[in-house]
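Chemist: Sharing data.pdb (PDB, C-alpha atoms and all ligand atoms) below.
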ATOM      1  CA  MET A   3       0.947  28.924   7.581  1.00  0.00           C
ATOM      2  CA  LYS A   4       3.970  31.083   8.386  1.00  0.00           C
ATOM      3  CA  VAL A   5       6.336  30.563  11.285  1.00  0.00           C
ATOM      4  CA  LYS A   6       9.231  32.360  12.894  1.00  0.00           C
ATOM      5  CA  VAL A   7      11.617  31.508  15.694  1.00  0.00           C
ATOM      6  CA  ASN A   8      12.080  34.042  18.459  1.00  0.00           C
ATOM      7  CA  LYS A   9      15.882  33.987  18.803  1.00  0.00           C
ATOM      8  CA  ASP A  10      15.725  35.439  22.296  1.00  0.00           C
ATOM      9  CA  ALA A  11      13.565  32.561  23.503  1.00  0.00           C
ATOM     10  CA  CYS A  12      15.240  29.665  21.677  1.00  0.00           C
ATOM     11  CA  ILE A  13      17.619  27.616  23.848  1.00  0.00           C
ATOM     12  CA  GLY A  14      18.872  25.478  20.963  1.00  0.00           C
ATOM     13  CA  CYS A  15      17.525  22.166  22.268  1.00  0.00           C
ATOM     14  CA  GLY A  16      17.108  20.912  18.715  1.00  0.00           C
ATOM     15  CA  ALA A  17      13.634  19.438  19.188  1.00  0.00           C
ATOM     16  CA  CYS A  18      12.041  21.390  16.359  1.00  0.00           C
ATOM     17  CA  ALA A  19      14.710  20.404  13.834  1.00  0.00           C
ATOM     18  CA  ALA A  20      14.518  16.775  14.961  1.00  0.00           C
ATOM     19  CA  ILE A  21      10.747  16.710  14.458  1.00  0.00           C
ATOM     20  CA  CYS A  22      10.517  18.790  11.285  1.00  0.00           C
ATOM     21  CA  ASP A  23      13.824  19.242   9.491  1.00  0.00           C
ATOM     22  CA  LYS A  24      12.106  20.546   6.385  1.00  0.00           C
ATOM     23  CA  VAL A  25      11.199  23.741   8.237  1.00  0.00           C
ATOM     24  CA  PHE A  26      13.693  24.122  11.079  1.00  0.00           C
ATOM     25  CA  GLU A  27      17.462  23.820  11.280  1.00  0.00           C
ATOM     26  CA  ILE A  28      20.054  24.602  13.900  1.00  0.00           C
ATOM     27  CA  ASN A  29      22.414  27.347  12.764  1.00  0.00           C
ATOM     28  CA  ASP A  30      26.102  27.946  13.527  1.00  0.00           C
ATOM     29  CA  GLU A  31      25.154  29.704  16.752  1.00  0.00           C
ATOM     30  CA  GLY A  32      23.309  26.616  17.940  1.00  0.00           C
ATOM     31  CA  LEU A  33      19.917  28.229  17.585  1.00  0.00           C
ATOM     32  CA  SER A  34      16.949  27.249  15.483  1.00  0.00           C
ATOM     33  CA  VAL A  35      16.205  29.111  12.293  1.00  0.00           C
ATOM     34  CA  VAL A  36      13.337  28.694   9.874  1.00  0.00           C
ATOM     35  CA  LYS A  37      14.540  27.527   6.462  1.00  0.00           C
ATOM     36  CA  ASN A  38      11.459  28.743   4.636  1.00  0.00           C
ATOM     37  CA  GLU A  39       8.876  30.651   6.630  1.00  0.00           C
ATOM     38  CA  ASP A  40       6.073  29.736   4.222  1.00  0.00           C
ATOM     39  CA  VAL A  41       5.338  26.225   5.474  1.00  0.00           C
ATOM     40  CA  LYS A  42       4.111  23.824   2.809  1.00  0.00           C
ATOM     41  CA  LYS A  43       0.758  22.168   3.398  1.00  0.00           C
ATOM     42  CA  GLU A  44       2.323  18.733   3.773  1.00  0.00           C
ATOM     43  CA  ASP A  45       4.694  20.010   6.467  1.00  0.00           C
ATOM     44  CA  GLU A  46       2.051  21.755   8.579  1.00  0.00           C
ATOM     45  CA  GLN A  47       1.341  18.861  10.931  1.00  0.00           C
ATOM     46  CA  ALA A  48       5.035  18.275  11.648  1.00  0.00           C
ATOM     47  CA  THR A  49       5.451  22.013  12.158  1.00  0.00           C
ATOM     48  CA  LYS A  50       2.598  22.027  14.688  1.00  0.00           C
ATOM     49  CA  ASP A  51       4.183  19.063  16.478  1.00  0.00           C
ATOM     50  CA  ALA A  52       7.465  20.983  16.610  1.00  0.00           C
ATOM     51  CA  ILE A  53       5.706  24.041  18.026  1.00  0.00           C
ATOM     52  CA  GLU A  54       4.106  21.926  20.751  1.00  0.00           C
ATOM     53  CA  SER A  55       7.441  20.304  21.562  1.00  0.00           C
ATOM     54  CA  CYS A  56       9.365  23.546  21.918  1.00  0.00           C
ATOM     55  CA  PRO A  57      10.096  23.889  25.656  1.00  0.00           C
ATOM     56  CA  THR A  58      10.251  27.669  25.571  1.00  0.00           C
ATOM     57  CA  GLY A  59       7.457  28.509  23.159  1.00  0.00           C
ATOM     58  CA  ALA A  60      10.001  30.134  20.865  1.00  0.00           C
ATOM     59  CA  ILE A  61       8.225  29.231  17.620  1.00  0.00           C
ATOM     60  CA  VAL A  62       5.686  31.821  16.615  1.00  0.00           C
ATOM     61  CA  VAL A  63       2.899  31.288  14.099  1.00  0.00           C
ATOM     62  CA  GLU A  64       2.440  34.424  12.061  1.00  0.00           C
ATOM     63  CA  GLU A  65      -0.602  33.405  10.070  1.00  0.00           C
TER      64      GLU A  65
HETATM   65  S1  LIG A 101      12.402  23.478  19.982  1.00  0.00           S
HETATM   66 FE1  LIG A 101      12.301  25.665  20.572  1.00  0.00          FE
HETATM   67  S2  LIG A 101      14.041  25.962  21.975  1.00  0.00           S
HETATM   68 FE2  LIG A 101      14.390  24.012  20.923  1.00  0.00          FE
HETATM   69  S3  LIG A 101      15.717  24.569  19.162  1.00  0.00           S
HETATM   70 FE3  LIG A 101      13.573  24.629  18.447  1.00  0.00          FE
HETATM   71  S4  LIG A 101      12.905  26.780  18.710  1.00  0.00           S
HETATM   72 FE4  LIG A 101      14.766  26.476  19.932  1.00  0.00          FE
END
Kindly transcribe the structure held in the file into structure tokens.

Modeler:
Amino acid sequence: MKVKVNKDACIGCGACAAICDKVFEINDEGLSVVKNEDVKKEDEQATKDAIESCPTGAIVVEE
């Protein structure tokens, strides 16, 4: 599983980083960035929860 954050859609609410801080973090601009786009198997469920919780649909699954 690979994920990316669409910077133009992210509003910096912090939900993704709160749910799955192994994959997402809030950068200096207050927007979410993916720490490592190749999501480990054990982090996939939390990543999916983060995707569902994103209010703007900014997190994109690439594969
Ligand atoms: S949940 Fe969505 S809008 Fe909120 S910080 Fe994460 S990517 Fe951005």

Chemist: Within 10 Å of ligand LIG 101 (chain A), counting all atoms listed in the file: which residues, as a ChimeraX atom specification?

Modeler: /A:6-22,26-29,32-36,51-62

Chemist: Using atom CA of A:Val25 and atom CA of A:Val41 as the two end points, give the distance in Å to one decimal.

Modeler: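 Between atom CA of A:Val25 and atom CA of A:Val41 the gap is 6.9 Å.
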
Chemist: Write out as a ChimeraX atom specification the residues lying within 8 Å of A:Val63, counting all atoms listed in the file and excluding same-chain residues fewer than 6 positions away.

Modeler: /A:3-6
